[in-house]
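Worksheet for the structure shown next.
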Amino acid sequence: MKTTLIASSAMLFSVCATATPVNSTAQTSSQQTEVQTKRLPEGELVSAEALREDLAQLKDLLETTHPDPRFTMDVEQVKFQIERLSEGLKKPLSHYEAWQYFAQLNPYFQDGHMAVFFPEAGKYLQNHIESGGRLFPFKVQIDTANHIYITDTQGTVEGFKAGDEITRINGLKSAEIIKAISSRMHGDSPNHRLALASDRFSQMYWMLYGDSGYYKIETKKNGQPYTHTVIGSDQNPRAVDPELEELVQRKVLDNDIGYLRIDRFYYKPAHEEAFFNFMKATWQEFHDKGVKDVIIDVRKNPGGTDHYWHLGIAPYVASEPFSFVSKFKVRLTERNLRLGPVKGELGSIVEAPFDYMIPVDGQEELKIPGQAYLLMGPLSYSSSILFLTAFQDSKQAVIAGPSSGVRSCTTGRIQPLILSGSKLEVTLPTAIFTRSSGDALCQQPMTPDLIISSNPINPEAEVADLAEKIIAGRTAN
């Protein structure tokens, strides 16, 4: 069986919001004029009857498209929530309002691959930026106590620094904003949902509350409150088609340690050749500069398709062929039958062992002489989890990083579907993959071999910490 069985974890623009946007107006410090808030278009009205039919369709998809919804979710609870929403529909909703209403289901799916989302969001966001729109200007981290901290001012705003706690935005308490976002966010666990909400904060805030142009931001420093009004950012944080150099990086650190960052395992066909050329050049440079050990950074890698790491990484760091999945369960949808290689009756479920071994020969001259350290983070997901567990189970790399909020066996092969009434998009996994060590740890969080504390304010400190541990390990041996 070929590796094409594994699904892409396409980065969903599932920016999920509460049902009632807040009308917020900001003022500049020098020009006290009201700024018109720019919002997503509401779209056409959808009747309550059509929306109830959509919810019935969604319930049916759990039985006809998902290979085993109980692997991730409490099915009875999900069906109860669907019925609750159905009974609550008393009037027509706009396309946008329907998304807000249906998105309340997302946390109950307990899966980063399953969500109800607004299908035109990416297009509208890009149009908004191109027409002069602005977004919330900071990168942030949301903690489990419902606090928002600035992690990066992106070098453009005075009066703020990384580590500042944001207490209000345009008059709304941070805790209320977090509740509105996280209660509509998809993800494997509460921690996974917080990680996704942090990563997508500016665009989620835009979808919730619109763009006021200027943002009144209240912070707390050393127990003292501060208020600043700043202009929003004119950069799209979720560019649809970023350049390759934005997604990958290589360098040689002190003490003969190579560093390789890969932020995704999926690329357009036009970029695929460039990716593999970059990887070949990377391992050649590491060889020429005498690299002994290598750090492979997938902290922000949401997954993709596995052949990128099968061909671009495994032959250069692994000493012998190894398994990356012990078994699979797949629903034979029309798409899966077309993609293969599993055959059977349409709609049936096939469960079978998976005995494919990743080949690692052919690059003997460029193999690193030491150890590979795979640096994971809260956003590592899907194919990245298969990458991490395969190397961990085969003991051919050391997994480093904080404990993860995602399960160590993953769903995949995402099937996007459009609900007939609201035209909202639903994504469902059609396959489940069990890590090569078996299913005993499937529902457990992905656990590293070497704990490296997360440092969202200074990500480079995590790399430095790991490098120190690598050097200490050499001395100990």
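Naming scheme: A, B, ... for chains in displayed order of the structure tokens; residues 1 onward per chain; ligands 1 onward as shown.
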
**Message:** Report as a PyMOL selection string all protein, DNA and RNA residues lying within 6 Å of Ser94 (chain A), evaluated on only C-alpha atoms, omitting residues in the same chain fewer than 6 positions from it.
**Reply:** chain A and resi 42-46

**Request:** Determine which residues of region 22-138 of chain A receive a DSSP assignment of strand (DSSP E or B), computed from the backbone, and state them as a PyMOL selection string.
**Result:** chain A and resi 38+45-46+93-94+115-117+135

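For Pro416 (chain A), the residues within 9 Å (counting only C-alpha atoms, excluding itself and residues fewer than 2 positions away along the chain) are Ile414, Ile418, Glu425, Val426, Thr427, Leu428 and Pro429 of chain A.
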
**Item:** DSSP-assigned helix (DSSP H, G or I) members of region 205-396 of chain A, reported as a VMD selection string
**Value:** chain A and resid 205 to 209 244 to 247 254 to 256 269 to 288 307 to 312 314 to 317 334 to 339 364 to 366 383 to 394

Those residues with C-alpha atoms, as a tab-separated table (two decimals), in the first residue's frame please?
chain	number	residue	atom	x	y	z
A	205	TYR	CA	-11.16	38.90	15.80
A	206	TRP	CA	-11.95	40.43	12.40
A	207	MET	CA	-14.64	37.84	11.71
A	208	LEU	CA	-16.15	38.33	15.14
A	209	TYR	CA	-16.05	42.07	15.51
A	244	LEU	CA	8.79	28.72	-0.16
A	245	GLU	CA	11.40	30.74	1.76
A	246	GLU	CA	8.70	31.82	4.21
A	247	LEU	CA	7.96	28.18	5.07
A	254	ASP	CA	27.45	26.49	16.84
A	255	ASN	CA	28.95	23.13	17.83
A	256	ASP	CA	28.18	21.51	14.46
A	269	PRO	CA	2.66	21.23	-7.63
A	270	ALA	CA	4.62	24.22	-8.90
A	271	HIS	CA	6.49	24.43	-5.57
A	272	GLU	CA	7.08	20.73	-4.99
A	273	GLU	CA	10.27	20.54	-7.06
A	274	ALA	CA	11.59	23.65	-5.30
A	275	PHE	CA	10.93	22.02	-1.93
A	276	PHE	CA	12.90	18.90	-2.74
A	277	ASN	CA	15.71	20.97	-4.29
A	278	PHE	CA	15.86	22.94	-1.05
A	279	MET	CA	16.00	19.74	0.99
A	280	LYS	CA	18.78	18.24	-1.11
A	281	ALA	CA	20.79	21.46	-0.84
A	282	THR	CA	20.19	21.47	2.92
A	283	TRP	CA	21.63	18.03	3.52
A	284	GLN	CA	24.54	18.78	1.18
A	285	GLU	CA	25.34	21.95	3.13
A	286	PHE	CA	25.10	20.13	6.45
A	287	HIS	CA	27.48	17.48	5.10
A	288	ASP	CA	29.95	20.02	3.72
A	307	HIS	CA	5.97	11.88	0.95
A	308	TYR	CA	7.59	15.24	1.73
A	309	TRP	CA	9.23	13.85	4.85
A	310	HIS	CA	9.49	10.28	3.54
A	311	LEU	CA	11.70	11.50	0.70
A	312	GLY	CA	13.10	14.76	2.02
A	314	ALA	CA	13.99	10.07	6.35
A	315	PRO	CA	16.82	8.96	4.00
A	316	TYR	CA	19.16	11.55	5.53
A	317	VAL	CA	18.62	10.78	9.22
A	334	GLU	CA	-15.97	8.33	-4.12
A	335	ARG	CA	-12.82	10.38	-3.59
A	336	ASN	CA	-11.04	7.62	-1.66
A	337	LEU	CA	-11.95	5.05	-4.29
A	338	ARG	CA	-10.55	7.38	-6.93
A	339	LEU	CA	-7.36	8.04	-4.99
A	364	GLU	CA	24.33	7.26	2.44
A	365	GLU	CA	26.95	9.93	1.67
A	366	LEU	CA	24.76	12.70	3.08
A	383	SER	CA	1.17	14.34	9.00
A	384	SER	CA	3.53	16.06	11.44
A	385	ILE	CA	2.19	13.76	14.18
A	386	LEU	CA	2.80	10.74	11.94
A	387	PHE	CA	6.30	12.09	11.33
A	388	LEU	CA	6.96	12.44	15.06
A	389	THR	CA	5.45	9.13	16.17
A	390	ALA	CA	7.14	7.17	13.38
A	391	PHE	CA	10.58	8.36	14.40
A	392	GLN	CA	9.75	8.00	18.09
A	393	ASP	CA	8.42	4.45	17.77
A	394	SER	CA	11.38	3.35	15.63

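Omitting Arg261 (chain A) and its sequence neighbours fewer than 3 positions away, and counting only C-alpha atoms, the residues within 6 Å are Val248, Gln249, Ile296 and Asp297 of chain A.
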
Grab the residues selected above and save them as a compact mmCIF listing (two decimals), in the first residue's frame with C-alpha atoms.
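Generated output (result.txt):
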# COMPACT_ATOMS: atom_id res chain seq x y z
CA VAL A 248 11.42 26.63 5.28
CA GLN A 249 14.76 27.66 6.72
CA ILE A 296 14.23 19.59 12.64
CA ASP A 297 11.69 22.19 13.70

**Prompt:** Which residues come within 7 Å of Leu346 (chain A), counting only C-alpha atoms, excluding same-chain residues fewer than 2 positions away, as a list of chain:residue names?
**Reply:** A:Leu332, A:Thr333, A:Glu334, A:Gly344, A:Ser348

**Request:** Name all residues at most 10 Å from Leu194 (chain A) (count only C-alpha atoms; drop same-chain ones fewer than 4 positions away) and give them as a list in words.
**Result:**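 Listed by chain and then number, they are Gln141, Ile142, Asp143, Thr144, Asn146, Ile178, Ile181, Ser182, Ser183, Met185, His186, Gly187, Ser189, Pro190, Ser198, Asp199, Arg200, Phe201, Pro378 and Gly405 of chain A.
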
Determine, for each residue of region 272-311 of chain A having at least one atom at most 12 Å from an atom of region 100-115 of chain A, the closest pair of atoms and their separation in Å to one decimal, counting only C-alpha atoms; order by chain and ascending number, as a tab-separated table.
residue	atom	partner	partner_atom	distance
A:Pro302	CA	A:Gly112	CA	9.6
A:Gly303	CA	A:His113	CA	10.9
A:Gly304	CA	A:His113	CA	11.7

Output file for the residues above (N, CA, C and O atoms, as a PDB file, in the first residue's frame):
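Dumped everything to part-v5.pdb:
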ATOM      1  N   PRO A 302       1.321  22.127  10.434  1.00  0.00           N
ATOM      2  CA  PRO A 302       0.017  21.498  10.634  1.00  0.00           C
ATOM      3  C   PRO A 302      -0.178  20.220   9.850  1.00  0.00           C
ATOM      4  O   PRO A 302      -1.254  19.628   9.889  1.00  0.00           O
ATOM      5  N   GLY A 303       0.838  19.781   9.120  1.00  0.00           N
ATOM      6  CA  GLY A 303       0.742  18.521   8.401  1.00  0.00           C
ATOM      7  C   GLY A 303       0.745  18.689   6.902  1.00  0.00           C
ATOM      8  O   GLY A 303       1.246  19.662   6.362  1.00  0.00           O
ATOM      9  N   GLY A 304       0.164  17.709   6.220  1.00  0.00           N
ATOM     10  CA  GLY A 304       0.144  17.705   4.762  1.00  0.00           C
ATOM     11  C   GLY A 304       0.139  16.287   4.246  1.00  0.00           C
ATOM     12  O   GLY A 304      -0.625  15.443   4.711  1.00  0.00           O
TER      13      GLY A 304
END

**Message:** List as a ChimeraX atom specification the protein and nucleic acid residues near region 226-233 of chain A, meaning an atom at most 7 Å away when only C-alpha atoms are counted, but skip any in the same chain fewer than 4 places from it.
**Reply:** /A:27-29,134-137,213-220

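One distance worth recording is that between CA of Met446 (chain A) and CA of Ser408 (chain A), which is 4.6 Å.
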
**Asked** With distances taken over only C-alpha atoms, which of A:Thr65, A:Ser422, A:Asn170, A:Thr411 is nearest to Thr37 (chain A)?
**Response** A:Asn170

**Prompt:** In terms of the shortest atom-to-atom distance over only C-alpha atoms, which of A:Ile313, A:Val298, A:Leu419, A:Ala175 is closest to Ala56 (chain A)?
**Reply:** A:Leu419

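Going from CA of Glu165 (chain A) to CA of Thr151 (chain A) covers 9.6 Å.
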
**Prompt:** Separation of CA of Tyr381 (chain A) and CA of Lys268 (chain A), in Å?
**Reply:**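 One can read the CA of Tyr381 (chain A) to CA of Lys268 (chain A) distance as 19.2 Å.
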